[in-house]
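Shown below: coords13.cif, with mmCIF, C-alpha atoms and all ligand atoms.
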data_my_file
loop_
_atom_site.label_atom_id
_atom_site.label_comp_id
_atom_site.auth_asym_id
_atom_site.auth_seq_id
_atom_site.Cartn_x
_atom_site.Cartn_y
_atom_site.Cartn_z
CA THR A 240 71.53 106.37 76.05
CA ARG A 241 71.09 108.64 79.06
CA THR A 242 73.79 107.08 81.26
CA THR A 243 77.39 106.41 80.25
CA ARG A 244 79.00 102.98 80.29
CA PRO A 245 81.18 103.88 83.30
CA GLN A 246 78.03 104.98 85.16
CA ARG A 247 76.34 101.65 84.34
CA LEU A 248 79.49 99.82 85.49
CA LEU A 249 79.43 101.72 88.81
CA ARG A 250 75.72 100.89 89.28
CA ALA A 251 76.54 97.20 88.76
CA VAL A 252 79.21 97.46 91.49
CA GLN A 253 76.82 99.19 93.92
CA LYS A 254 74.14 96.59 93.17
CA ASN A 255 76.22 93.39 93.16
CA ALA A 256 79.32 94.02 95.27
CA THR A 257 79.65 94.24 99.06
CA ARG A 258 81.10 97.45 100.51
CA ASN A 259 84.71 97.13 101.74
CA ASN A 260 85.08 93.81 99.90
CA PRO A 261 87.56 94.39 97.02
CA LEU A 262 87.18 90.86 95.61
CA SER A 263 83.41 91.34 95.26
CA VAL A 264 84.02 94.66 93.45
CA ILE A 265 86.48 92.96 91.05
CA SER A 266 84.00 90.11 90.40
CA ALA A 267 81.06 92.49 89.88
CA ILE A 268 83.01 94.44 87.24
CA ASP A 269 84.26 91.30 85.48
CA ASP A 270 80.70 89.87 85.38
CA PHE A 271 79.32 93.17 84.06
CA CYS A 272 81.98 93.37 81.33
CA ARG A 273 81.71 89.73 80.33
CA HIS A 274 77.90 89.39 80.36
CA ARG A 275 76.54 92.94 79.90
CA GLU A 276 78.92 95.46 78.28
CA TRP A 277 82.59 95.18 77.35
CA ALA A 278 84.80 97.84 78.99
CA MET A 279 88.55 98.46 78.89
CA ASN A 280 89.50 97.17 82.36
CA VAL A 281 92.62 95.01 82.47
CA GLY A 282 90.20 92.16 83.28
CA ASP A 283 90.48 88.83 85.11
CA GLU A 284 92.98 86.96 82.89
CA LYS A 285 95.58 89.75 82.69
CA GLY A 286 94.52 90.79 86.21
CA PHE A 287 95.81 87.47 87.54
CA ILE A 288 99.24 88.26 86.03
CA LEU A 289 99.06 91.81 87.47
CA ASP A 290 98.31 90.32 90.91
CA SER A 291 101.31 87.98 90.73
CA VAL A 292 103.69 90.82 89.79
CA VAL A 293 102.31 93.10 92.55
CA ASN A 294 102.68 90.28 95.10
CA GLU A 295 106.25 89.64 93.93
CA VAL A 296 107.22 93.35 94.14
CA SER A 297 105.12 94.16 97.24
CA PRO A 298 105.54 97.87 96.44
CA VAL A 299 105.52 100.60 99.08
CA THR A 300 105.18 103.27 96.36
CA ALA A 301 103.15 102.39 93.25
CA LEU A 302 102.04 104.47 90.25
CA GLU A 303 99.25 103.68 87.79
CA LEU A 304 98.87 105.61 84.55
CA GLY A 305 95.26 105.37 83.38
CA ALA A 306 92.67 104.58 86.09
CA TYR A 307 89.57 104.35 83.84
CA CYS A 308 86.87 103.02 86.26
CA GLY A 309 89.26 102.03 89.04
CA TYR A 310 89.29 98.26 88.42
CA SER A 311 93.10 97.85 88.34
CA ALA A 312 93.51 100.38 91.18
CA VAL A 313 91.33 98.06 93.32
CA ARG A 314 93.31 94.99 92.12
CA ILE A 315 96.62 96.66 93.03
CA ALA A 316 95.61 98.48 96.25
CA ARG A 317 94.03 95.35 97.83
CA LEU A 318 97.47 93.69 97.69
CA LEU A 319 99.57 96.59 99.03
CA PRO A 320 101.37 96.15 102.36
CA PRO A 321 100.29 98.40 105.29
CA GLY A 322 101.48 102.00 104.85
CA ALA A 323 101.95 101.55 101.10
CA CYS A 324 100.13 103.74 98.60
CA LEU A 325 99.06 103.78 94.97
CA ILE A 326 98.97 107.02 93.00
CA THR A 327 96.75 106.67 89.93
CA LEU A 328 96.48 109.26 87.16
CA GLU A 329 93.29 109.66 85.12
CA PHE A 330 92.93 112.17 82.28
CA ASN A 331 89.16 111.96 81.75
CA PRO A 332 87.18 113.66 84.59
CA ASP A 333 84.11 111.46 84.01
CA TYR A 334 86.23 108.30 84.33
CA ALA A 335 87.94 109.79 87.41
CA ALA A 336 84.59 110.48 89.12
CA ILE A 337 83.51 106.86 88.61
CA ALA A 338 86.90 105.46 89.65
CA ARG A 339 86.80 107.38 92.95
CA GLN A 340 83.41 105.80 93.77
CA VAL A 341 84.50 102.29 92.77
CA ILE A 342 87.67 102.62 94.91
CA ALA A 343 85.56 103.95 97.83
CA TRP A 344 83.03 101.09 97.48
CA ALA A 345 85.96 98.66 97.82
CA GLY A 346 87.03 100.53 100.98
CA LEU A 347 90.47 101.30 99.56
CA GLU A 348 90.36 105.12 99.47
CA ASP A 349 93.06 105.35 102.19
CA LYS A 350 95.54 103.43 99.99
CA VAL A 351 94.81 105.18 96.70
CA GLN A 352 95.45 108.76 95.57
CA LEU A 353 93.54 109.40 92.36
CA VAL A 354 94.82 112.46 90.49
CA GLU A 355 93.04 114.01 87.52
CA GLY A 356 95.18 115.27 84.68
CA ALA A 357 97.65 114.30 81.97
CA SER A 358 100.58 112.04 82.84
CA GLY A 359 103.01 114.40 81.11
CA ASP A 360 101.98 117.26 83.39
CA TRP A 361 101.93 115.27 86.64
CA ILE A 362 105.03 113.06 86.39
CA PRO A 363 107.44 116.03 86.77
CA ARG A 364 105.53 117.09 89.90
CA MET A 365 105.44 113.72 91.71
CA LYS A 366 108.41 114.38 94.02
CA GLU A 367 107.43 117.80 95.33
CA HIS A 368 103.68 117.21 95.33
CA PHE A 369 103.54 113.71 96.84
CA GLY A 370 106.91 113.53 98.59
CA ILE A 371 107.78 110.53 96.45
CA GLU A 372 111.47 109.67 96.03
CA THR A 373 111.16 106.76 93.57
CA PHE A 374 108.45 104.26 92.56
CA ASP A 375 108.81 100.55 93.32
CA PHE A 376 106.13 99.65 90.75
CA VAL A 377 104.52 101.37 87.73
CA PHE A 378 101.45 100.03 85.87
CA LEU A 379 101.14 101.58 82.40
CA ASP A 380 97.54 101.41 81.15
CA HIS A 381 96.90 104.84 79.64
CA TRP A 382 97.17 106.19 76.09
CA LYS A 383 99.32 103.65 74.25
CA ASP A 384 101.36 106.30 72.43
CA SER A 385 102.19 107.86 75.80
CA TYR A 386 103.86 104.73 77.21
CA LEU A 387 107.28 105.51 75.70
CA PRO A 388 107.48 109.29 76.29
CA ASP A 389 106.19 108.85 79.85
CA THR A 390 108.72 106.09 80.60
CA LYS A 391 111.53 108.38 79.41
CA LEU A 392 110.04 111.17 81.54
CA LEU A 393 109.97 108.90 84.62
CA GLU A 394 113.68 108.16 83.99
CA GLU A 395 114.57 111.82 83.50
CA CYS A 396 112.68 112.86 86.67
CA GLY A 397 114.65 110.30 88.70
CA LEU A 398 111.45 108.46 89.68
CA LEU A 399 112.84 105.00 88.81
CA ARG A 400 115.43 103.17 90.90
CA LYS A 401 117.49 100.00 90.44
CA GLY A 402 114.85 97.24 90.47
CA THR A 403 111.75 99.35 89.77
CA VAL A 404 109.26 97.14 87.93
CA LEU A 405 107.25 98.55 85.01
CA LEU A 406 104.23 96.49 83.90
CA ALA A 407 102.54 97.60 80.68
CA ASP A 408 99.05 96.54 79.57
CA ASN A 409 97.94 96.22 75.92
CA VAL A 410 101.38 95.89 74.37
CA ILE A 411 99.77 93.80 71.56
CA CYS A 412 96.20 95.17 71.43
CA PRO A 413 95.81 98.12 70.87
CA GLY A 414 99.63 97.85 70.94
CA ALA A 415 102.59 99.96 72.00
CA PRO A 416 105.26 99.00 69.44
CA ASP A 417 107.67 101.87 70.09
CA TYR A 418 107.54 101.19 73.85
CA LEU A 419 108.14 97.44 73.33
CA GLU A 420 111.14 98.09 71.06
CA TYR A 421 112.61 100.53 73.60
CA VAL A 422 112.37 98.38 76.75
CA ARG A 423 113.47 95.23 74.87
CA LYS A 424 116.53 96.88 73.27
CA SER A 425 117.61 99.19 76.07
CA LEU A 426 120.47 98.01 78.26
CA SER A 427 118.71 99.77 81.14
CA TYR A 428 115.85 97.24 81.21
CA GLU A 429 115.39 93.50 81.63
CA SER A 430 112.10 92.82 79.82
CA ARG A 431 109.73 89.83 79.66
CA PHE A 432 106.43 89.31 77.80
CA PHE A 433 103.41 87.61 79.46
CA LYS A 434 101.13 86.34 76.70
CA SER A 435 97.42 86.74 77.42
CA HIS A 436 94.23 88.02 75.76
CA LEU A 437 92.46 91.34 75.43
CA GLU A 438 90.13 91.64 78.41
CA TYR A 439 86.93 89.56 78.10
CA THR A 440 87.81 88.50 74.50
CA LYS A 441 89.81 85.88 72.58
CA ALA A 442 91.96 88.52 70.87
CA GLU A 443 95.71 88.27 71.43
CA ASP A 444 97.20 90.66 73.96
CA GLY A 445 99.73 90.58 76.78
CA LEU A 446 101.65 92.41 79.45
CA GLU A 447 105.31 93.44 79.25
CA LYS A 448 107.21 93.38 82.56
CA SER A 449 110.39 95.47 82.50
CA VAL A 450 112.82 95.83 85.41
CA TYR A 451 114.83 99.08 85.44
CA LEU A 452 118.52 98.30 85.92
CA SER A 453 119.51 102.03 86.15
C1 LIG B 501 97.18 110.42 83.08
C2 LIG B 501 96.66 110.02 81.76
C3 LIG B 501 95.70 109.06 81.66
C4 LIG B 501 95.23 108.73 80.40
C5 LIG B 501 94.22 107.71 80.32
N1 LIG B 501 93.31 107.51 81.28
N2 LIG B 501 92.55 106.48 80.88
C6 LIG B 501 93.01 106.04 79.71
C7 LIG B 501 92.47 104.87 78.95
C8 LIG B 501 93.59 104.22 78.17
N3 LIG B 501 93.30 102.79 77.89
C9 LIG B 501 92.95 102.41 76.66
O1 LIG B 501 92.82 103.23 75.76
C10 LIG B 501 92.66 100.97 76.41
C11 LIG B 501 91.99 100.61 75.24
C12 LIG B 501 91.66 99.28 74.98
C13 LIG B 501 90.96 98.89 73.74
C14 LIG B 501 89.99 99.74 73.20
C15 LIG B 501 89.34 99.37 72.03
C16 LIG B 501 89.64 98.16 71.41
F1 LIG B 501 88.97 97.78 70.30
C17 LIG B 501 90.60 97.32 71.94
C18 LIG B 501 91.27 97.69 73.09
C19 LIG B 501 92.01 98.28 75.91
C20 LIG B 501 92.67 98.64 77.08
O2 LIG B 501 93.02 97.68 78.00
C21 LIG B 501 93.01 99.97 77.33
O3 LIG B 501 93.70 100.24 78.49
N4 LIG B 501 94.06 106.81 79.32
C22 LIG B 501 95.76 109.36 79.30
C23 LIG B 501 96.73 110.34 79.49
N5 LIG B 501 97.17 110.68 80.69
MG MG B 502 94.46 98.42 79.33
#
Would you mind writing the file's structure down as structure tokens?
Amino acid sequence: TRTTRPQRLLRAVQKNATRNNPLSVISAIDDFCRHREWAMNVGDEKGFILDSVVNEVSPVTALELGAYCGYSAVRIARLLPPGACLITLEFNPDYAAIARQVIAWAGLEDKVQLVEGASGDWIPRMKEHFGIETFDFVFLDHWKDSYLPDTKLLEECGLLRKGTVLLADNVICPGAPDYLEYVRKSLSYESRFFKSHLEYTKAEDGLEKSVYLS
């Protein structure tokens, strides 16, 4: 096929969503993924849980690992208080190019900093490059075997503070067993599982919410 799935997803947004209307962008992507082509966005069911955690935390500084097409960046950024910002890391340049356009269509480019590159390279540079002290909220949605090493890296780089909330997607499917064991056993975290389903399917999945106790 000449176009990629992310390109077809973006076209569906530009066709069916209204500019500067984040909810219409979210709906256009969910409709596309449910009725046209499945794609690995966090989706509407887990997205509702993501929304409730973001509203509870009301983060001023937020980090997302794994932007893909920008769906969860739009879900998060639309709920941020004035002056707050989301930094989202995307490894794949093709995904990043689509995510930038989806975020712009939603009118949220002023609240989102999309950075291309690997989480392991960028996390140690967050403080000096973005002037970030600590993150209030971290959404983990990137390579599942990077969840644990990157969480340890965030700790080591002093980017977590007492009360920082980590929310991890896909802890059942595809799964992040080493991460789950770590946050559930560690005395530095208070962890809770939100049972849900893999986006747009009936397969079991869920989100793990872990509060850093320092
Ligand atoms: C900064 C940085 C960023 C990245 C990075 N950027 N973008 C990603 C994408 C990661 N996401 C997934 O792989 C993923 C997969 C599934 C899935 C797939 C197939 C199935 F059959 C069932 C489930 C479902 C999901 O919800 C997922 O999120 N990684 C990597 C490294 N460094
Ligand atoms: Mg995911």
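The nearest approach to ligand MG 502 (chain B) among the residues A:Gly402, A:Gly286, A:Pro298, A:Gly346, with only C-alpha atoms and all ligand atoms taken into account, belongs to A:Gly286.
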Subject >> Long-range neighbours of range 242-253 of chain A as a PyMOL selection string, 6 Å cut-off, only C-alpha atoms, 2 positions minimum in chain >> reply: chain A and resi 240+255-256+264+267
**OP:** Please write out the residues within 12 Å of ligand MG 502 (chain B) as a PyMOL selection string, counting only C-alpha atoms and all ligand atoms.
**Re:** chain A and resi 278-283+285-286+289+303-311+378-383+386+406-415+436-439+444-447
How would the residues just picked look written out with C-alpha atoms as an mmCIF file, in the coordinates of the input?
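What follows is the written file selection10.cif:
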data_model
loop_
_atom_site.group_PDB
_atom_site.id
_atom_site.type_symbol
_atom_site.label_atom_id
_atom_site.label_comp_id
_atom_site.auth_asym_id
_atom_site.auth_seq_id
_atom_site.Cartn_x
_atom_site.Cartn_y
_atom_site.Cartn_z
ATOM 1 C CA ALA A 278 84.800 97.840 78.990
ATOM 2 C CA MET A 279 88.550 98.460 78.890
ATOM 3 C CA ASN A 280 89.500 97.170 82.360
ATOM 4 C CA VAL A 281 92.620 95.010 82.470
ATOM 5 C CA GLY A 282 90.200 92.160 83.280
ATOM 6 C CA ASP A 283 90.480 88.830 85.110
ATOM 7 C CA LYS A 285 95.580 89.750 82.690
ATOM 8 C CA GLY A 286 94.520 90.790 86.210
ATOM 9 C CA LEU A 289 99.060 91.810 87.470
ATOM 10 C CA GLU A 303 99.250 103.680 87.790
ATOM 11 C CA LEU A 304 98.870 105.610 84.550
ATOM 12 C CA GLY A 305 95.260 105.370 83.380
ATOM 13 C CA ALA A 306 92.670 104.580 86.090
ATOM 14 C CA TYR A 307 89.570 104.350 83.840
ATOM 15 C CA CYS A 308 86.870 103.020 86.260
ATOM 16 C CA GLY A 309 89.260 102.030 89.040
ATOM 17 C CA TYR A 310 89.290 98.260 88.420
ATOM 18 C CA SER A 311 93.100 97.850 88.340
ATOM 19 C CA PHE A 378 101.450 100.030 85.870
ATOM 20 C CA LEU A 379 101.140 101.580 82.400
ATOM 21 C CA ASP A 380 97.540 101.410 81.150
ATOM 22 C CA HIS A 381 96.900 104.840 79.640
ATOM 23 C CA TRP A 382 97.170 106.190 76.090
ATOM 24 C CA LYS A 383 99.320 103.650 74.250
ATOM 25 C CA TYR A 386 103.860 104.730 77.210
ATOM 26 C CA LEU A 406 104.230 96.490 83.900
ATOM 27 C CA ALA A 407 102.540 97.600 80.680
ATOM 28 C CA ASP A 408 99.050 96.540 79.570
ATOM 29 C CA ASN A 409 97.940 96.220 75.920
ATOM 30 C CA VAL A 410 101.380 95.890 74.370
ATOM 31 C CA ILE A 411 99.770 93.800 71.560
ATOM 32 C CA CYS A 412 96.200 95.170 71.430
ATOM 33 C CA PRO A 413 95.810 98.120 70.870
ATOM 34 C CA GLY A 414 99.630 97.850 70.940
ATOM 35 C CA ALA A 415 102.590 99.960 72.000
ATOM 36 C CA HIS A 436 94.230 88.020 75.760
ATOM 37 C CA LEU A 437 92.460 91.340 75.430
ATOM 38 C CA GLU A 438 90.130 91.640 78.410
ATOM 39 C CA TYR A 439 86.930 89.560 78.100
ATOM 40 C CA ASP A 444 97.200 90.660 73.960
ATOM 41 C CA GLY A 445 99.730 90.580 76.780
ATOM 42 C CA LEU A 446 101.650 92.410 79.450
ATOM 43 C CA GLU A 447 105.310 93.440 79.250
#
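In this model, the gap between CA of Phe433 in chain A and CA of Cys324 in chain A comes to 25.2 Å.
Relative to atom C21 of ligand LIG 501 (chain B), CA of Lys366 in chain A is found at 26.9 Å.
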Could you write out as JSON the box around ligand LIG 501 (chain B) (axis-aligned, all atoms listed in the file, 8 Å on each side), with centre and edge lengths in Å to one decimal?
{"center_x": 93.1, "center_y": 104.0, "center_z": 76.7, "size_x": 24.2, "size_y": 29.4, "size_z": 28.8}
Subject >> Gap from CA of Leu387 in chain A to CA of Tyr421 in chain A - Å, one decimal >> reply: 7.6 Å
Original post:
Hey, can you pull every residue with an atom no more than 10 Å from (100.8, 99.4, 102.7), using all atoms listed in the file, and send it as a PyMOL selection string?
Top reply: chain A and resi 297-300+316-325+349-350
Original post:
Nearest to Val341 in chain A among A:Arg364, A:Arg258, A:Lys424, A:Lys391, with distances taken over only C-alpha atoms: which residue is it?
Top reply: A:Arg258
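When all atoms listed in the file are used to compute distances to ligand LIG 501 (chain B), the closest of the residues A:Leu347, A:Ile371, A:Ala338, A:Val422 turns out to be A:Ala338.
The residue that comes closest to ligand LIG 501 (chain B), out of A:Asp290, A:Glu348, A:Glu367, A:Asp333 and on the basis of all atoms listed in the file, is A:Asp333.
Nearest to ligand LIG 501 (chain B) of all the residues A:Trp344, A:Tyr428, A:Trp277, A:Tyr451 is A:Trp277, counting all atoms listed in the file.
For the residues A:His368, A:Ser425, A:Phe376, A:Ser435, ranking by smallest atom-to-atom distance to ligand LIG 501 (chain B) using all atoms listed in the file places A:Ser435 first.
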